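Single-structure report; data block below.
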Amino acid sequence: INAGEAFRFSFTVPDTFDIITPETMKFNRPVSTNGSDKFTIYTGIPFVIAHRDPDPLRNFACRREIVVGVSPVQSAEILTPFVRITPGERFVLRLQSISREPYRGNVAVGDSVVREARIPVTLRRNDSARLDTLPLAWRDSVTDGDHVIALRIGKGKPVGSFTARKFPALADTSRPVGLLTGLIDSPVEEALRRLHIPFRLLDGSFNDTSAALLRTILIDRDAFALRPDAGGASEAIASWVRAGGHCVMLRQSPRGAEENPLTGNAGFGAPRVIAPEASVVADPSSPLLSHPNLLSGPDWRDWIISRAQSPVMVTRDSNPVIHCRDQSTGAPLIVSVTMGRGTLTAVALDLGPQLQIVHPGACRLLANLMSY
């Protein structure tokens with residue numbers, strides 16, 4: 001570095017450094033744009049300092065590394081990557097500050113599909129975070145299909161995007177649905193809201209009196225295992241069904257379903273994943289698959305994760321009505337059985353992931369289940 005203590009020279013940092021390297025430097029990518037697990041772009045440049053001095057006692061060599069890195073002022077995590085183009089829809093995101101300096105600005109959307117909307121945001125310090133909800137208002141004459149909408153922070157370039165889907169889906173909204181769920185931000189709950197189906201959240205205090213005005217009771221996936229108080233409601237729900245009600249039950253874990261009056265009539269078998277692209281054989285005479293929405297081929301395409309994760313299991317003496325089954329194995333996927341004067345419908349289809357991506361076919365199927 002220096003020729004010796006007698007020959008020191010001053011060093012001024014230039015405005016711009018030129019990095020000359022024979023290799024391509026590897027950078028990771030920020031979470032706000034590419035979904036990686038790091039907020040920064042950085043790389044290390046190792047180098048060795050070797051000093052030779054006229055006095056051998058002053059000779060030395062050491063290894064150092066310069067870390068070259070950048071990061072955005074804030075990161076935006078989109079929590080609703082798919083929404084439906086329908087009145088009352090909303091967009092949810094999580095903002096996190098990465099800078100030491102406070103940030104004040106706004107989050108905005110607006111293009112040919114969605115009307116201009118913005119909300120002010122303040123991030124006070126490094127690592128502070130906040131959750132924001134942005135109501136969405138749609139422009140007239142938006143065509144059916146998928147529309148990608150950019151998210152902007154401040155006046156800069158878009159920092160992310162989400163997909164808005166427009167499709168027809170009819171639903172009976174005359175009477176509320178009762179929903180028993182143990183999931184936070186349940187996809188089923190969001191789907192009911194997007195279909196404009198009124199619903200009430202049920203708990204262990206459910207009884208026949210509170211069910212008087214309900215059209216259907218929907219038991220979310222694994223509700224009996226996730227809700228310690230759900231077992232107390234199962235007998236009241238079973239009594240309500242026997243009196244003429246209709247209950248739709250999504251797949252339940254064996255834990256929490258023991259000696260349950262509902263799963264005893266229509267339960268679910270051992271885990272057996274059916275691929276999402278697996279063909280489905282539907283009963284053409286089933287009103288569940290034709291009212292108020294007629295389900296067809298496209299409604300069963302482009303599913304994700306799985307078609308189902310275990311089949312419905314029923315006894316022959318329960319006189320089951322099989323609405324659809326897996327084509328390759330014959331496993332029942334939607335089955336209705338009679339309980340007294342009412343009906344229990346067990347659904348083995350993996351609806352949760354499909355409702356998270358606002359799949360049109362899954363949304364129409366849910367609407368049909370609530371109207372059956």
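Residues in the structure tokens are named by chain (A, B, ... in the order shown) and by number from 1 within that chain; ligands are numbered from 1 in the order shown.
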
Problem set entry | Arg364 of chain A surroundings by only C-alpha atoms, 8 Å radius, close-in-sequence under 5 positions cut, as an MDAnalysis selection string | chainID A and resid 169:170 293 295

For this session: Write out as a ChimeraX atom specification which residues come within 12 Å of Gln96 of chain A when counting only C-alpha atoms, dropping same-chain ones fewer than 2 positions away.
Result: /A:31-32,39,72-78,93-94,98-100,102-103,121-132

For this session: Would you mind listing what lies within 10 Å of segment 281-292 of chain A as a ChimeraX atom specification, with only C-alpha atoms counted and same-chain residues fewer than 6 positions away left out?
Result: /A:169-172,321-328,330,332-334,336,364-372

For this session: Step one, run DSSP on the backbone; step two, keep only residues of segment 104-236 of chain A assigned to helix (DSSP H, G or I); then write them as a PyMOL selection string.
Result: chain A and resi 187-194+223-226+230-236

For this session: List the neighbours of Pro198 of chain A out to 12 Å using only C-alpha atoms; skip same-chain residues closer than 3 positions along the sequence, and give me the result as a list in words.
Result: Ala171, Asp172, Thr173, Ser174, Arg175, Pro176, Val177, Gly178, Leu179, Glu189, Glu190, Ala191, Leu192, Arg193, Arg194, Leu195, Leu201, Leu213, Leu214, Arg215, Thr216, Ile217, Ala367 and Met370 of chain A

For this session: Might you pull out every residue within 7 Å of segment 228-239 of chain A, with only C-alpha atoms counted and same-chain residues fewer than 3 positions away left off, and present them as a PyMOL selection string?
Result: chain A and resi 203-208+223-225+242-243+260-262

Could you take the residues named above and write them with N, CA, C and O atoms, as a PDB file, in the first residue's frame?
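File result.pdb, as written:
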ATOM      1  N   ASP A 203     -69.410 -20.912  16.698  1.00  0.00           N
ATOM      2  CA  ASP A 203     -68.480 -21.374  17.719  1.00  0.00           C
ATOM      3  C   ASP A 203     -69.124 -22.510  18.511  1.00  0.00           C
ATOM      4  O   ASP A 203     -70.170 -23.042  18.130  1.00  0.00           O
ATOM      5  N   GLY A 204     -68.501 -22.878  19.609  1.00  0.00           N
ATOM      6  CA  GLY A 204     -68.998 -24.000  20.395  1.00  0.00           C
ATOM      7  C   GLY A 204     -70.338 -23.764  21.042  1.00  0.00           C
ATOM      8  O   GLY A 204     -70.980 -24.715  21.499  1.00  0.00           O
ATOM      9  N   SER A 205     -70.804 -22.518  21.078  1.00  0.00           N
ATOM     10  CA  SER A 205     -72.092 -22.222  21.699  1.00  0.00           C
ATOM     11  C   SER A 205     -73.249 -22.361  20.719  1.00  0.00           C
ATOM     12  O   SER A 205     -74.385 -22.008  21.041  1.00  0.00           O
ATOM     13  N   PHE A 206     -72.972 -22.889  19.532  1.00  0.00           N
ATOM     14  CA  PHE A 206     -74.021 -23.049  18.520  1.00  0.00           C
ATOM     15  C   PHE A 206     -75.153 -23.929  19.049  1.00  0.00           C
ATOM     16  O   PHE A 206     -74.920 -24.945  19.709  1.00  0.00           O
ATOM     17  N   ASN A 207     -76.397 -23.528  18.753  1.00  0.00           N
ATOM     18  CA  ASN A 207     -77.558 -24.329  19.140  1.00  0.00           C
ATOM     19  C   ASN A 207     -78.647 -24.170  18.092  1.00  0.00           C
ATOM     20  O   ASN A 207     -78.519 -23.402  17.132  1.00  0.00           O
ATOM     21  N   ASP A 208     -79.735 -24.922  18.269  1.00  0.00           N
ATOM     22  CA  ASP A 208     -80.820 -24.909  17.282  1.00  0.00           C
ATOM     23  C   ASP A 208     -81.434 -23.528  17.118  1.00  0.00           C
ATOM     24  O   ASP A 208     -81.866 -23.155  16.032  1.00  0.00           O
ATOM     25  N   ALA A 223     -61.732 -28.261  10.833  1.00  0.00           N
ATOM     26  CA  ALA A 223     -62.298 -27.426  11.897  1.00  0.00           C
ATOM     27  C   ALA A 223     -62.369 -28.174  13.225  1.00  0.00           C
ATOM     28  O   ALA A 223     -62.120 -27.605  14.287  1.00  0.00           O
ATOM     29  N   PHE A 224     -62.700 -29.469  13.191  1.00  0.00           N
ATOM     30  CA  PHE A 224     -62.832 -30.231  14.434  1.00  0.00           C
ATOM     31  C   PHE A 224     -61.481 -30.422  15.118  1.00  0.00           C
ATOM     32  O   PHE A 224     -61.414 -30.571  16.343  1.00  0.00           O
ATOM     33  N   ALA A 225     -60.389 -30.429  14.343  1.00  0.00           N
ATOM     34  CA  ALA A 225     -59.064 -30.575  14.935  1.00  0.00           C
ATOM     35  C   ALA A 225     -58.501 -29.234  15.397  1.00  0.00           C
ATOM     36  O   ALA A 225     -57.769 -29.174  16.390  1.00  0.00           O
ATOM     37  N   ARG A 242     -80.670 -33.165  10.963  1.00  0.00           N
ATOM     38  CA  ARG A 242     -81.762 -34.153  11.030  1.00  0.00           C
ATOM     39  C   ARG A 242     -83.128 -33.493  10.977  1.00  0.00           C
ATOM     40  O   ARG A 242     -84.110 -34.100  10.525  1.00  0.00           O
ATOM     41  N   ALA A 243     -83.203 -32.242  11.422  1.00  0.00           N
ATOM     42  CA  ALA A 243     -84.479 -31.526  11.404  1.00  0.00           C
ATOM     43  C   ALA A 243     -84.785 -30.922  10.033  1.00  0.00           C
ATOM     44  O   ALA A 243     -85.829 -30.279   9.865  1.00  0.00           O
ATOM     45  N   ASN A 260     -67.648 -38.468  16.168  1.00  0.00           N
ATOM     46  CA  ASN A 260     -68.364 -37.264  15.753  1.00  0.00           C
ATOM     47  C   ASN A 260     -69.618 -37.687  14.995  1.00  0.00           C
ATOM     48  O   ASN A 260     -69.540 -38.501  14.070  1.00  0.00           O
ATOM     49  N   PRO A 261     -70.779 -37.177  15.360  1.00  0.00           N
ATOM     50  CA  PRO A 261     -72.019 -37.620  14.694  1.00  0.00           C
ATOM     51  C   PRO A 261     -72.073 -37.250  13.218  1.00  0.00           C
ATOM     52  O   PRO A 261     -72.856 -37.838  12.475  1.00  0.00           O
ATOM     53  N   LEU A 262     -71.268 -36.296  12.803  1.00  0.00           N
ATOM     54  CA  LEU A 262     -71.253 -35.912  11.389  1.00  0.00           C
ATOM     55  C   LEU A 262     -70.324 -36.810  10.582  1.00  0.00           C
ATOM     56  O   LEU A 262     -70.721 -37.382   9.565  1.00  0.00           O
TER      57      LEU A 262
END

Problem set entry | Shortest interatomic distance to Val241 of chain A - which of A:Ile197, A:Ala150, A:Val337, A:Ile184, counting only C-alpha atoms | A:Val337

Problem set entry | Atomic distance atom CA of Arg301 of chain A - atom CA of Arg165 of chain A, expressed in Å with one decimal | 15.6 Å

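Closest approach to Val109 of chain A from the set A:Leu95, A:Ile153, A:Met249, A:Leu79 is made by A:Ile153, with distances taken over only C-alpha atoms.
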
Exercise. Suppose you want the space between atom CA of Arg221 of chain A and atom CA of Pro360 of chain A; what is it in Å?
Worked result: 19.8 Å

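The spacing separating atom CA of His196 of chain A from atom CA of Glu89 of chain A amounts to 10.3 Å.
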
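Closest to Cys363 of chain A among A:Val188, A:Gly297, A:Arg341, A:Ser318 is A:Val188, based on only C-alpha atoms.
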
Problem set entry | Residue set, segment 139-327 of chain A restricted to strand (DSSP E or B), as a ChimeraX atom specification | /A:145-153,158-166,177-180,199-201,216-219,246-250,267-268,274,280-282,308,312-313,321-326

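For the set A:Thr86, A:Asn265, A:Ser279, A:Gln252, the residue with the smallest atom-to-atom gap to Asp317 of chain A is A:Asn265, counting only C-alpha atoms.
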
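Considering the residues A:Leu151, A:Ala117, A:Leu183, A:Ala164 and counting only C-alpha atoms, Pro135 of chain A has its shortest atom-to-atom contact with A:Ala117.
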